[in-house]
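Here's upload_23.csv, which has CSV, N, CA and C atoms:
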```
chain,number,residue,atom,x,y,z
D,1,GLN,N,9.3,10.1,18.2
D,1,GLN,CA,7.9,10.3,18.4
D,1,GLN,C,7.1,10.2,17.2
D,2,VAL,N,5.9,9.9,17.3
D,2,VAL,CA,5.0,9.7,16.2
D,2,VAL,C,3.7,10.6,16.4
D,3,GLN,N,3.3,11.2,15.4
D,3,GLN,CA,2.1,12.0,15.5
D,3,GLN,C,1.0,11.4,14.5
D,4,LEU,N,-0.2,11.4,14.9
D,4,LEU,CA,-1.3,10.8,14.1
D,4,LEU,C,-2.4,11.8,13.9
D,5,VAL,N,-2.9,11.9,12.6
D,5,VAL,CA,-4.0,12.7,12.3
D,5,VAL,C,-5.0,11.9,11.6
D,6,GLU,N,-6.2,12.0,12.2
D,6,GLU,CA,-7.3,11.2,11.6
D,6,GLU,C,-8.2,12.0,10.7
D,7,SER,N,-8.9,11.3,9.8
D,7,SER,CA,-9.9,12.0,9.0
D,7,SER,C,-10.9,10.9,8.5
D,8,GLY,N,-12.0,11.4,8.0
D,8,GLY,CA,-13.0,10.5,7.4
D,8,GLY,C,-14.3,10.2,8.1
D,9,GLY,N,-14.4,10.7,9.3
D,9,GLY,CA,-15.7,10.5,10.0
D,9,GLY,C,-16.8,11.3,9.4
D,10,GLY,N,-18.0,11.0,9.9
D,10,GLY,CA,-19.2,11.8,9.5
D,10,GLY,C,-20.5,11.1,9.8
D,11,LEU,N,-21.5,11.6,9.1
D,11,LEU,CA,-22.9,11.1,9.3
D,11,LEU,C,-23.3,10.2,8.1
D,12,VAL,N,-23.8,9.1,8.4
D,12,VAL,CA,-24.2,8.2,7.3
D,12,VAL,C,-25.4,7.4,7.7
D,13,GLN,N,-26.2,7.0,6.8
D,13,GLN,CA,-27.4,6.2,7.1
D,13,GLN,C,-27.0,4.8,7.3
D,14,ALA,N,-27.8,4.1,8.0
D,14,ALA,CA,-27.6,2.6,8.2
D,14,ALA,C,-27.5,1.9,6.9
D,15,GLY,N,-26.5,1.0,6.8
D,15,GLY,CA,-26.2,0.3,5.6
D,15,GLY,C,-25.2,1.0,4.7
D,16,GLY,N,-24.8,2.2,5.1
D,16,GLY,CA,-23.8,3.0,4.3
D,16,GLY,C,-22.4,2.6,4.6
D,17,SER,N,-21.5,3.4,4.1
D,17,SER,CA,-20.1,3.1,4.2
D,17,SER,C,-19.3,4.4,4.5
D,18,LEU,N,-18.2,4.3,5.3
D,18,LEU,CA,-17.3,5.3,5.5
D,18,LEU,C,-15.9,4.7,5.5
D,19,ARG,N,-14.9,5.6,5.2
D,19,ARG,CA,-13.5,5.2,5.3
D,19,ARG,C,-12.8,6.2,6.2
D,20,LEU,N,-12.2,5.6,7.2
D,20,LEU,CA,-11.3,6.5,8.1
D,20,LEU,C,-9.9,6.3,7.7
D,21,SER,N,-9.2,7.4,7.8
D,21,SER,CA,-7.7,7.4,7.6
D,21,SER,C,-7.0,7.9,8.8
D,22,CYS,N,-5.8,7.4,9.0
D,22,CYS,CA,-4.9,7.7,10.1
D,22,CYS,C,-3.5,7.9,9.5
D,23,ALA,N,-3.1,9.1,9.4
D,23,ALA,CA,-1.8,9.5,8.8
D,23,ALA,C,-0.8,9.7,9.9
D,24,ALA,N,0.3,9.0,9.8
D,24,ALA,CA,1.4,9.1,10.8
D,24,ALA,C,2.5,9.9,10.2
D,25,SER,N,3.1,10.7,11.1
D,25,SER,CA,4.3,11.4,10.8
D,25,SER,C,5.3,11.3,12.0
D,26,GLY,N,6.5,11.7,11.7
D,26,GLY,CA,7.6,11.6,12.7
D,26,GLY,C,8.4,10.3,12.5
D,27,SER,N,8.6,9.6,13.6
D,27,SER,CA,9.5,8.4,13.5
D,27,SER,C,8.6,7.2,13.1
D,28,THR,N,8.1,7.3,11.9
D,28,THR,CA,7.2,6.3,11.4
D,28,THR,C,7.9,4.9,11.1
D,29,PHE,N,9.2,4.9,11.0
D,29,PHE,CA,9.9,3.7,10.7
D,29,PHE,C,9.8,2.8,11.9
D,30,SER,N,9.5,3.3,13.1
D,30,SER,CA,9.5,2.5,14.3
D,30,SER,C,8.1,2.0,14.6
D,31,ILE,N,7.1,2.3,13.8
D,31,ILE,CA,5.7,1.8,14.1
D,31,ILE,C,5.6,0.3,13.9
D,32,ASN,N,5.0,-0.3,14.9
D,32,ASN,CA,4.7,-1.7,14.7
D,32,ASN,C,3.2,-1.8,14.4
D,33,ALA,N,2.3,-2.0,15.4
D,33,ALA,CA,0.9,-2.1,15.1
D,33,ALA,C,0.2,-0.7,15.0
D,34,MET,N,-0.8,-0.7,14.2
D,34,MET,CA,-1.7,0.5,14.1
D,34,MET,C,-3.1,-0.1,14.1
D,35,GLY,N,-4.0,0.7,14.7
D,35,GLY,CA,-5.4,0.2,14.7
D,35,GLY,C,-6.4,1.3,15.2
D,36,TRP,N,-7.6,0.9,15.5
D,36,TRP,CA,-8.6,1.8,16.0
D,36,TRP,C,-9.3,1.2,17.2
D,37,TYR,N,-9.6,2.1,18.1
D,37,TYR,CA,-10.6,1.9,19.2
D,37,TYR,C,-11.8,2.8,18.9
D,38,ARG,N,-12.9,2.5,19.5
D,38,ARG,CA,-14.0,3.4,19.5
D,38,ARG,C,-14.7,3.5,20.9
D,39,GLN,N,-15.3,4.6,21.1
D,39,GLN,CA,-16.0,4.8,22.4
D,39,GLN,C,-17.3,5.5,22.1
D,40,ALA,N,-18.4,4.8,22.5
D,40,ALA,CA,-19.7,5.3,22.4
D,40,ALA,C,-20.1,6.0,23.7
D,41,PRO,N,-21.1,6.9,23.7
D,41,PRO,CA,-21.5,7.6,24.9
D,41,PRO,C,-21.9,6.6,26.0
D,42,GLY,N,-21.3,6.7,27.2
D,42,GLY,CA,-21.7,5.9,28.3
D,42,GLY,C,-21.1,4.5,28.3
D,43,LYS,N,-20.2,4.2,27.3
D,43,LYS,CA,-19.6,2.9,27.2
D,43,LYS,C,-18.1,3.0,27.3
D,44,GLN,N,-17.5,1.9,27.6
D,44,GLN,CA,-16.0,1.8,27.6
D,44,GLN,C,-15.4,1.8,26.2
D,45,ARG,N,-14.2,2.3,26.1
D,45,ARG,CA,-13.5,2.2,24.8
D,45,ARG,C,-13.2,0.8,24.4
D,46,GLU,N,-13.5,0.4,23.2
D,46,GLU,CA,-13.3,-1.0,22.8
D,46,GLU,C,-12.4,-1.0,21.5
D,47,LEU,N,-11.6,-2.1,21.4
D,47,LEU,CA,-10.8,-2.3,20.3
D,47,LEU,C,-11.7,-2.7,19.1
D,48,VAL,N,-11.5,-2.0,17.9
D,48,VAL,CA,-12.2,-2.3,16.7
D,48,VAL,C,-11.4,-3.2,15.8
D,49,ALA,N,-10.2,-2.8,15.5
D,49,ALA,CA,-9.3,-3.6,14.6
D,49,ALA,C,-7.9,-3.1,14.7
D,50,TYR,N,-7.0,-4.0,14.4
D,50,TYR,CA,-5.6,-3.5,14.3
D,50,TYR,C,-4.9,-4.4,13.3
D,51,THR,N,-3.7,-3.8,12.8
D,51,THR,CA,-2.9,-4.5,11.9
D,51,THR,C,-1.4,-4.3,12.3
D,52,SER,N,-0.7,-5.4,12.1
D,52,SER,CA,0.8,-5.3,12.5
D,52,SER,C,1.6,-4.8,11.3
D,53,SER,N,2.8,-4.5,11.5
D,53,SER,CA,3.7,-4.1,10.4
D,53,SER,C,3.9,-5.3,9.4
D,54,GLY,N,3.7,-6.5,9.9
D,54,GLY,CA,3.8,-7.6,9.0
D,54,GLY,C,2.5,-8.0,8.2
D,55,GLY,N,1.5,-7.2,8.5
D,55,GLY,CA,0.2,-7.4,7.7
D,55,GLY,C,-0.8,-8.3,8.5
D,56,TYR,N,-0.5,-8.7,9.7
D,56,TYR,CA,-1.5,-9.4,10.5
D,56,TYR,C,-2.6,-8.5,10.8
D,57,THR,N,-3.9,-9.0,10.8
D,57,THR,CA,-5.0,-8.2,11.1
D,57,THR,C,-5.9,-8.9,12.1
D,58,ASN,N,-6.6,-8.1,12.9
D,58,ASN,CA,-7.6,-8.7,13.9
D,58,ASN,C,-8.7,-7.8,14.0
D,59,TYR,N,-9.9,-8.3,14.3
D,59,TYR,CA,-11.1,-7.5,14.4
D,59,TYR,C,-12.0,-7.9,15.6
D,60,ALA,N,-12.7,-6.9,16.1
D,60,ALA,CA,-13.7,-7.2,17.1
D,60,ALA,C,-14.8,-8.1,16.4
D,61,ALA,N,-15.4,-8.9,17.2
D,61,ALA,CA,-16.4,-9.8,16.6
D,61,ALA,C,-17.6,-9.0,16.0
D,62,SER,N,-17.9,-7.8,16.6
D,62,SER,CA,-19.0,-7.0,16.2
D,62,SER,C,-18.8,-6.4,14.8
D,63,VAL,N,-17.6,-6.3,14.3
D,63,VAL,CA,-17.3,-5.7,13.1
D,63,VAL,C,-16.8,-6.6,12.0
D,64,LYS,N,-16.4,-7.8,12.4
D,64,LYS,CA,-15.8,-8.8,11.5
D,64,LYS,C,-16.8,-9.0,10.3
D,65,GLY,N,-16.2,-9.0,9.1
D,65,GLY,CA,-17.0,-9.1,7.9
D,65,GLY,C,-17.6,-7.9,7.4
D,66,ARG,N,-17.5,-6.8,8.2
D,66,ARG,CA,-18.1,-5.5,7.7
D,66,ARG,C,-17.0,-4.4,7.6
D,67,PHE,N,-16.0,-4.5,8.5
D,67,PHE,CA,-14.9,-3.5,8.5
D,67,PHE,C,-13.6,-4.2,8.0
D,68,THR,N,-12.8,-3.4,7.3
D,68,THR,CA,-11.5,-3.9,6.8
D,68,THR,C,-10.4,-2.9,7.1
D,69,ILE,N,-9.4,-3.3,7.8
D,69,ILE,CA,-8.3,-2.4,8.1
D,69,ILE,C,-7.2,-2.7,7.1
D,70,SER,N,-6.5,-1.7,6.7
D,70,SER,CA,-5.4,-1.8,5.8
D,70,SER,C,-4.3,-0.7,6.1
D,71,ARG,N,-3.2,-0.9,5.5
D,71,ARG,CA,-2.1,0.0,5.8
D,71,ARG,C,-1.3,0.2,4.5
D,72,ASP,N,-1.0,1.5,4.2
D,72,ASP,CA,-0.1,1.8,3.1
D,72,ASP,C,1.2,2.3,3.8
D,73,ASN,N,2.2,1.5,3.8
D,73,ASN,CA,3.4,1.8,4.5
D,73,ASN,C,4.2,3.0,3.8
D,74,ALA,N,4.0,3.0,2.4
D,74,ALA,CA,4.7,4.1,1.7
D,74,ALA,C,4.1,5.5,2.1
D,75,LYS,N,2.8,5.5,2.4
D,75,LYS,CA,2.2,6.8,2.8
D,75,LYS,C,2.1,6.9,4.3
D,76,ASN,N,2.6,5.9,5.1
D,76,ASN,CA,2.5,5.9,6.5
D,76,ASN,C,1.1,6.2,7.0
D,77,THR,N,0.1,5.5,6.3
D,77,THR,CA,-1.3,5.8,6.6
D,77,THR,C,-2.0,4.4,6.8
D,78,ALA,N,-2.9,4.4,7.8
D,78,ALA,CA,-3.8,3.2,8.0
D,78,ALA,C,-5.2,3.6,7.6
D,79,TYR,N,-5.9,2.7,7.1
D,79,TYR,CA,-7.3,2.9,6.7
D,79,TYR,C,-8.3,1.9,7.4
D,80,LEU,N,-9.5,2.4,7.7
D,80,LEU,CA,-10.5,1.5,8.2
D,80,LEU,C,-11.7,1.7,7.3
D,81,GLN,N,-11.9,0.7,6.4
D,81,GLN,CA,-13.1,0.8,5.6
D,81,GLN,C,-14.3,0.1,6.3
D,82,MET,N,-15.3,0.9,6.5
D,82,MET,CA,-16.5,0.5,7.3
D,82,MET,C,-17.7,0.4,6.4
D,83,ASN,N,-18.2,-0.8,6.1
D,83,ASN,CA,-19.3,-1.1,5.3
D,83,ASN,C,-20.5,-1.6,6.1
D,84,SER,N,-21.7,-1.6,5.6
D,84,SER,CA,-22.9,-2.1,6.2
D,84,SER,C,-23.0,-1.5,7.6
D,85,LEU,N,-22.8,-0.2,7.8
D,85,LEU,CA,-22.8,0.4,9.1
D,85,LEU,C,-24.1,0.3,9.7
D,86,LYS,N,-24.1,0.2,11.1
D,86,LYS,CA,-25.3,0.0,11.9
D,86,LYS,C,-25.3,1.2,12.9
D,87,PRO,N,-26.5,1.5,13.4
D,87,PRO,CA,-26.5,2.6,14.4
D,87,PRO,C,-25.6,2.3,15.6
D,88,GLU,N,-25.5,1.0,16.0
D,88,GLU,CA,-24.6,0.7,17.1
D,88,GLU,C,-23.1,0.9,16.8
D,89,ASP,N,-22.8,1.2,15.6
D,89,ASP,CA,-21.4,1.6,15.3
D,89,ASP,C,-21.1,3.1,15.6
D,90,THR,N,-22.1,3.8,16.0
D,90,THR,CA,-22.0,5.2,16.3
D,90,THR,C,-21.0,5.4,17.5
D,91,ALA,N,-20.0,6.2,17.3
D,91,ALA,CA,-19.0,6.3,18.4
D,91,ALA,C,-17.9,7.3,17.9
D,92,VAL,N,-17.1,7.7,18.8
D,92,VAL,CA,-15.8,8.4,18.4
D,92,VAL,C,-14.8,7.3,18.2
D,93,TYR,N,-14.2,7.4,17.0
D,93,TYR,CA,-13.1,6.4,16.7
D,93,TYR,C,-11.8,7.0,16.8
D,94,TYR,N,-10.9,6.3,17.5
D,94,TYR,CA,-9.5,6.8,17.8
D,94,TYR,C,-8.5,5.8,17.2
D,95,CYS,N,-7.7,6.4,16.3
D,95,CYS,CA,-6.6,5.5,15.8
D,95,CYS,C,-5.4,5.5,16.8
D,96,TYR,N,-4.6,4.5,16.7
D,96,TYR,CA,-3.4,4.5,17.5
D,96,TYR,C,-2.3,3.9,16.8
D,97,ALA,N,-1.1,4.1,17.3
D,97,ALA,CA,0.1,3.5,16.7
D,97,ALA,C,1.0,3.1,17.8
D,98,ASP,N,1.7,2.0,17.7
D,98,ASP,CA,2.6,1.5,18.7
D,98,ASP,C,4.0,1.5,18.2
D,99,PRO,N,4.7,2.6,18.4
D,99,PRO,CA,6.1,2.7,18.0
D,99,PRO,C,7.0,1.8,18.9
D,100,LEU,N,7.9,1.1,18.3
D,100,LEU,CA,8.8,0.2,19.1
D,100,LEU,C,9.6,1.0,20.1
D,101,GLY,N,9.5,0.6,21.3
D,101,GLY,CA,10.2,1.2,22.4
D,101,GLY,C,9.7,2.5,22.9
D,102,TRP,N,8.5,2.9,22.4
D,102,TRP,CA,7.9,4.2,22.8
D,102,TRP,C,6.4,3.9,23.2
D,103,PRO,N,5.9,4.8,24.0
D,103,PRO,CA,4.5,4.7,24.4
D,103,PRO,C,3.5,4.7,23.2
D,104,ARG,N,2.4,4.2,23.4
D,104,ARG,CA,1.3,4.2,22.3
D,104,ARG,C,1.0,5.7,22.1
D,105,GLU,N,0.8,6.0,20.8
D,105,GLU,CA,0.3,7.3,20.4
D,105,GLU,C,-1.1,7.2,19.9
D,106,TRP,N,-1.9,8.3,20.1
D,106,TRP,CA,-3.3,8.3,19.7
D,106,TRP,C,-3.6,9.5,18.8
D,107,GLY,N,-4.5,9.2,17.9
D,107,GLY,CA,-5.1,10.3,17.1
D,107,GLY,C,-6.1,11.1,17.9
D,108,GLN,N,-6.6,12.2,17.2
D,108,GLN,CA,-7.4,13.1,17.9
D,108,GLN,C,-8.9,12.6,18.1
D,109,GLY,N,-9.2,11.6,17.3
D,109,GLY,CA,-10.5,11.0,17.4
D,109,GLY,C,-11.4,11.6,16.3
D,110,THR,N,-12.3,10.8,15.7
D,110,THR,CA,-13.2,11.3,14.7
D,110,THR,C,-14.6,10.7,15.0
D,111,GLN,N,-15.6,11.5,14.9
D,111,GLN,CA,-17.0,11.1,15.2
D,111,GLN,C,-17.6,10.4,14.0
D,112,VAL,N,-18.1,9.2,14.2
D,112,VAL,CA,-18.9,8.4,13.3
D,112,VAL,C,-20.3,8.3,13.8
D,113,THR,N,-21.3,8.8,13.0
D,113,THR,CA,-22.7,8.7,13.4
D,113,THR,C,-23.5,8.0,12.4
D,114,VAL,N,-24.2,6.9,12.8
D,114,VAL,CA,-25.0,6.1,11.8
D,114,VAL,C,-26.4,6.3,12.2
D,115,SER,N,-27.2,6.8,11.3
D,115,SER,CA,-28.6,7.1,11.6
D,115,SER,C,-29.4,5.9,11.1
D,116,SER,N,-30.5,5.6,11.8
D,116,SER,CA,-31.4,4.5,11.4
D,116,SER,C,-32.4,4.9,10.5
```
Show me the file's structure as structure tokens.
Amino acid sequence: QVQLVESGGGLVQAGGSLRLSCAASGSTFSINAMGWYRQAPGKQRELVAYTSSGGYTNYAASVKGRFTISRDNAKNTAYLQMNSLKPEDTAVYYCYADPLGWPREWGQGTQVTVSS
């Protein structure tokens, strides 16, 4: 099993930056992909970005060029660097991990609020 703990959310003005962290513990050797979804009030949860164990990354069109996902395998931690934030980025961000042969695990969620 894998457990995830998120950190790094908060309140920032438009144009600012935040970095989210997602620290994994437990059977971390089994983790393949890690990434983030977000959910704004009244909207469906949407995939923001993910990275595979081999370093492949993918981004939602709405964040491409502004957000960067990375992963430190030695620390079992994934990061989401968010630059040029916009009010429409306001949401609860949930990290996830896909352990091989096990169900997806989710972090507890962290609020990101971007003021205009």
May I have the residues within 10 Å of region 97-113 of chain D as number ranges by chain, using only C-alpha atoms and disregarding those fewer than 3 positions away in the same chain? D: 1-14, 18, 20-24, 27-40, 50-52, 78, 85-94, 116
Atomic distance atom N of Ile69 (chain D) - atom N of Ser25 (chain D), expressed in Å with one decimal: 19.1 Å
Atom-to-atom span, CA of Lys64 (chain D) and CA of Arg45 (chain D), Å: 17.4 Å
Find the distance between CA of Lys43 (chain D) and CA of Val114 (chain D) and write it in Å to one decimal.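 Those two atoms sit 16.6 Å apart.
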Shell of 6.5 Å around Ser17 (chain D), only N, CA and C atoms, local chain residues under 6 positions omitted, as a PyMOL selection string: chain D and resi 82-85
Apply DSSP to the backbone of this structure and, from region 47-78 of chain D, keep only the residues in strand (DSSP E); write these as a PyMOL selection string. chain D and resi 47-51+57-59+67-72+77-78
The residue from D:Cys95, D:Leu47, D:Ala74, D:Leu80 with the smallest atom-to-atom distance to Ala61 (chain D), counting all atoms listed in the file, is D:Leu47
Option closest in space to Ser62 (chain D), from D:Ser115, D:Gly42, D:Val48, D:Gly16 [counting all atoms listed in the file]: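 Ranking D:Ser115, D:Gly42, D:Val48, D:Gly16 by distance to Ser62 (chain D), first place goes to D:Val48.
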Can you pull out the residues contacting Thr68 (chain D)? Cut-off 5 Å, using only N, CA and C atoms, and skip same-chain residues under 2 positions away; I want them as JSON, numbers by chain. {"D": [66, 70, 80, 81]}
